[in-house]
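Accompanying notes for the structure given below.
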Amino acid sequence: MWYDCTNTTTPFEVFTAKESDGWVSFILLNSGALWDLRVSIDSHKLYFFAADGHYTQVQVATSVLIPIGERYQFFVKLDQTPGDYIIRTAAVVLPQLINGYAILSYTSTGTTGAGLVSATTLPAAKTPYIDYAGGIINGGIDLVTANLAPYPANPPPQGKADLTLSLNVTRTSEFGWVLDGNTWNQPADDYTPLLFQPSEVASLDPKVYFSYANGTLVDLIFTVTAGDPAAHPPHPMHKHGVKAWLLGSGTGEFPYATVQDAVDAGYSSINLKNPPLRDDFPTPGDITGKVWMAVRFRAVDPGPVILHCHIDPHLATGMVIVLLEGPEKITSGYVPSYYLSKNKP
């Protein structure tokens, strides 16, 4: 596969912290295209306080599994012996197990920042919490993302949703991935966005978009089916526009027609009290059978937005739908004139 390669050595990123600062804050983003990653820092606890741009109740862990597109913010308490500690990043899904490293370095003097010094060798391991394959070791504790309740409290609207959309996540071939059973075909690069030509909404393929009025309370129920032709990894579903509450997920098919039916039946896998508020939510992995996931949001930002899997090959082969939110508001004058005049193709 590889021919006539030349080895290269890239310096490790070093994050320098002054011990007297007491704490240091990190912003973590998986900006990749293929792999879920697990991240940890030797000997240190991670105090998570925000996810996808919203504050959460603080949760303490020693590692985090971060799917593509997700963002986290966490504090690290500088409570260890001053020195260098390995920051570990491991890809945890096939097709390749691969690892990357950086360094957290703190001393009694110096300046807090990134890229202030360089390093070409790693320090000795000091109580690592994940191994090369991303497995949790040494009594480590992974972040429980389902428990990241918003702060301040921000529960979802209660009661029955105005609209329930059931979305089937399937594979049409080994390299064919679809959402709602239909393939999204990417428009040409020179296609004029719908915001600039709302009259063209009527020409969209009705199989790959949903439309509802501004203010609609929407539930999305995803069902992933494996075995035809193969298994599914976790799909990091990303919704543009307003964020959504991740109400729950589980194995098998969702056993009710609506979320409210599940609540009325006392179904414990649905959380309407304090669910996470996110814009990226992974379906459970599915080797055989089916799995499900339910999210809820209020459409309050009119416009066409997309919902898609963040794994690039899945996105490229059609795992996308359009959500046309509040089309009755997208009329002449809705898009500011300064935006039209400066950015219209």
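Convention: chains lettered A, B, ... in structure tokens order; per-chain residue numbering from 1; ligands numbered from 1 as shown.
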
DSSP on the backbone: what in stretch 168-335 of chain A comes out strand (DSSP E or B), as a PyMOL selection string?
chain A and resi 168-173+176-179+182+209-212+217-225+232+236-239+244-251+277-278+280-282+286+290-298+303-309+320-325

Would you kindly return, as a list in words, each protein, DNA or RNA residue with an atom no farther than 8 Å from any atom of A:Leu46, considering only C-alpha atoms and excluding same-chain residues fewer than 6 positions away?
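Counting only the stated atoms, we get Val60, Ala61, Thr62, Ser63, Phe74, Phe75, Val76 and Lys77 of chain A.
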
Since we have the selection now, will you write its residues out, keeping C-alpha atoms, as a PDB file, in the first residue's frame?
```pdb
ATOM      1  CA  VAL A  60     -15.870  14.983  36.851  1.00  0.00           C
ATOM      2  CA  ALA A  61     -14.227  12.258  34.768  1.00  0.00           C
ATOM      3  CA  THR A  62     -10.780  11.097  33.693  1.00  0.00           C
ATOM      4  CA  SER A  63     -11.594  10.604  30.003  1.00  0.00           C
ATOM      5  CA  PHE A  74     -13.333  21.310  30.888  1.00  0.00           C
ATOM      6  CA  PHE A  75     -11.089  22.499  33.694  1.00  0.00           C
ATOM      7  CA  VAL A  76      -7.967  20.696  34.864  1.00  0.00           C
ATOM      8  CA  LYS A  77      -6.844  21.245  38.449  1.00  0.00           C
TER       9      LYS A  77
END
```

Picked from stretch 43-252 of chain A by DSSP as helix (DSSP H, G or I), as a list in words
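Listing helix (DSSP H, G or I) positions across stretch 43-252 of chain A yields Thr145, Ala146, Asn147, Leu194, Leu195, Phe196, Pro198, Ser199, Glu200, Val201, Ala202, Ser203, Pro206, Lys207 and Val208 of chain A.
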
When you look at A:Thr107 with a cut-off of 12 Å (counting only C-alpha atoms), what residues show up, excluding the ones that are within fewer than 3 positions of it in the same chain? I need them as number ranges by chain.
A: 15-22, 78-85, 104, 110-112

Excluding A:Pro156 and residues on its chain fewer than 4 positions from it, collect all residues at most 12 Å away from it, counting only C-alpha atoms, and give them as a short mmCIF file (atom, residue, chain, number, x, y, z; two decimals) with N, CA and C atoms, in the first residue's frame.
```cif
data_model
loop_
_atom_site.label_atom_id
_atom_site.label_comp_id
_atom_site.auth_asym_id
_atom_site.auth_seq_id
_atom_site.Cartn_x
_atom_site.Cartn_y
_atom_site.Cartn_z
N ALA A 149 -26.67 17.60 32.24
CA ALA A 149 -27.85 18.46 32.28
C ALA A 149 -27.45 19.92 32.08
N PRO A 150 -28.28 20.71 31.38
CA PRO A 150 -27.94 22.12 31.15
C PRO A 150 -27.84 22.90 32.45
N LYS A 160 -47.19 16.48 24.68
CA LYS A 160 -47.07 15.85 23.37
C LYS A 160 -46.50 16.81 22.35
N ALA A 161 -45.59 16.32 21.53
CA ALA A 161 -45.01 17.14 20.47
C ALA A 161 -46.07 17.44 19.41
N LEU A 217 -43.23 22.21 17.99
CA LEU A 217 -42.45 21.33 18.87
C LEU A 217 -42.28 20.00 18.15
N VAL A 218 -41.04 19.64 17.87
CA VAL A 218 -40.74 18.49 17.02
C VAL A 218 -39.99 17.42 17.80
N ASP A 219 -40.42 16.18 17.66
CA ASP A 219 -39.67 15.02 18.14
C ASP A 219 -39.12 14.26 16.95
N LYS A 243 -30.62 24.05 18.84
CA LYS A 243 -30.19 22.81 19.47
C LYS A 243 -31.40 21.97 19.87
N ALA A 244 -31.12 20.71 20.24
CA ALA A 244 -32.19 19.77 20.59
C ALA A 244 -31.85 19.07 21.89
N TRP A 245 -32.87 18.66 22.63
CA TRP A 245 -32.68 17.87 23.83
C TRP A 245 -32.59 16.40 23.45
N LEU A 246 -31.53 15.74 23.92
CA LEU A 246 -31.38 14.30 23.70
C LEU A 246 -32.15 13.57 24.79
N LEU A 247 -33.33 13.05 24.42
CA LEU A 247 -34.25 12.49 25.41
C LEU A 247 -33.89 11.08 25.84
N ILE A 270 -36.83 7.44 28.67
CA ILE A 270 -37.05 8.80 28.18
C ILE A 270 -36.88 9.78 29.34
N ASN A 271 -36.06 10.80 29.14
CA ASN A 271 -35.80 11.81 30.16
C ASN A 271 -36.33 13.16 29.69
N LEU A 272 -37.42 13.61 30.29
CA LEU A 272 -37.96 14.94 30.00
C LEU A 272 -37.71 15.92 31.14
N LYS A 273 -36.94 15.47 32.14
CA LYS A 273 -36.69 16.32 33.31
C LYS A 273 -35.46 17.20 33.10
N ASN A 274 -34.33 16.58 32.75
CA ASN A 274 -33.09 17.35 32.61
C ASN A 274 -32.15 16.73 31.57
N PRO A 275 -32.63 16.49 30.35
CA PRO A 275 -31.78 15.87 29.34
C PRO A 275 -30.74 16.85 28.80
N PRO A 276 -29.66 16.35 28.22
CA PRO A 276 -28.65 17.22 27.61
C PRO A 276 -29.24 18.03 26.46
N LEU A 277 -28.76 19.25 26.30
CA LEU A 277 -29.15 20.12 25.19
C LEU A 277 -27.96 20.20 24.25
N ARG A 278 -28.07 19.57 23.07
CA ARG A 278 -26.91 19.40 22.19
C ARG A 278 -27.29 19.71 20.75
N VAL A 295 -34.86 12.73 20.09
CA VAL A 295 -34.50 14.10 20.44
C VAL A 295 -35.72 15.00 20.25
N ARG A 296 -35.71 16.15 20.91
CA ARG A 296 -36.83 17.10 20.85
C ARG A 296 -36.29 18.52 20.69
N PHE A 297 -36.97 19.33 19.89
CA PHE A 297 -36.58 20.73 19.76
C PHE A 297 -37.79 21.57 19.38
N ARG A 298 -37.67 22.85 19.62
CA ARG A 298 -38.69 23.82 19.23
C ARG A 298 -38.14 24.62 18.05
#
```

What is the atom CA of A:Phe281 to atom CA of A:Leu204 distance in Å?
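Straight-line distance from atom CA of A:Phe281 to atom CA of A:Leu204 works out to 26.4 Å.
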
Length of the atom CA of A:Pro234 to atom CA of A:Gly266 vector [Å]:
26.9 Å

Of the residues A:Gly285, A:Gly115, A:Gly252, A:Gly139, which is the one nearest to A:Phe12, using only C-alpha atoms?
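Selected residue with least distance to A:Phe12: A:Gly115.
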
A:Gly215, A:Gly159, A:Pro327, A:Gly289: which is nearest A:Gln260, counting only C-alpha atoms?
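Ranked by minimum distance to A:Gln260, first place goes to A:Gly159.
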
In Å, with one decimal, what is the gap from atom CA of A:Pro95 to atom CA of A:Phe26?
28.6 Å

I'd like the contact shell of stretch 303-308 of chain A - 10 Å cut-off, only C-alpha atoms, skipping same-chain residues fewer than 2 positions apart - returned as a CSV table (one decimal) with C-alpha atoms, in the first residue's frame.
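After the write, around_2.csv holds the following:
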```csv
chain,number,residue,atom,x,y,z
A,178,VAL,CA,-29.2,7.0,4.1
A,179,LEU,CA,-31.4,8.8,6.5
A,184,TRP,CA,-29.7,13.1,-0.4
A,193,PRO,CA,-29.1,28.8,-1.5
A,194,LEU,CA,-32.8,28.6,-0.7
A,195,LEU,CA,-32.5,31.6,1.6
A,198,PRO,CA,-37.5,30.9,-1.1
A,201,VAL,CA,-38.7,25.5,-1.9
A,209,TYR,CA,-37.0,17.3,3.5
A,210,PHE,CA,-39.6,18.0,6.1
A,211,SER,CA,-41.4,21.2,6.6
A,214,ASN,CA,-42.3,28.3,13.1
A,235,HIS,CA,-23.7,7.8,13.9
A,236,PRO,CA,-22.9,11.3,15.2
A,237,MET,CA,-26.1,13.1,14.0
A,238,HIS,CA,-25.6,16.9,13.7
A,239,LYS,CA,-28.5,19.3,13.6
A,240,HIS,CA,-27.8,22.8,12.3
A,241,GLY,CA,-29.8,25.7,13.7
A,242,VAL,CA,-31.5,25.4,17.1
A,279,ASP,CA,-26.5,19.8,18.5
A,280,ASP,CA,-24.6,16.6,18.0
A,299,ALA,CA,-38.4,25.4,15.7
A,300,VAL,CA,-37.8,29.1,16.5
A,301,ASP,CA,-35.2,30.0,13.9
A,310,HIS,CA,-20.9,13.7,10.7
A,311,ILE,CA,-18.9,10.7,9.4
A,312,ASP,CA,-17.8,12.1,6.1
A,314,HIS,CA,-21.8,8.7,5.3
A,315,LEU,CA,-22.5,12.4,4.6
A,316,ALA,CA,-21.1,12.1,1.1
A,318,GLY,CA,-26.5,10.7,1.3
A,319,MET,CA,-27.1,10.4,5.0
A,320,VAL,CA,-28.7,13.9,5.1
A,321,ILE,CA,-32.1,15.4,5.2
A,322,VAL,CA,-33.3,19.0,5.1
A,323,LEU,CA,-35.5,20.5,7.8
A,324,LEU,CA,-37.4,23.5,6.5
A,325,GLU,CA,-38.3,25.3,9.6
A,326,GLY,CA,-40.9,28.1,9.6
A,327,PRO,CA,-41.2,28.4,5.8
A,328,GLU,CA,-44.1,30.9,6.2
A,329,LYS,CA,-41.6,33.3,7.6
A,330,ILE,CA,-39.1,33.0,4.7
A,334,TYR,CA,-36.6,38.1,5.6
A,335,VAL,CA,-33.0,37.9,4.6
```

Using only C-alpha atoms for the distances, tell me which of A:Thr127, A:Ser40, A:Thr288, A:Ser31 is nearest to A:Asp142.
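Counting only C-alpha atoms, the residue closest to A:Asp142 is A:Ser40.
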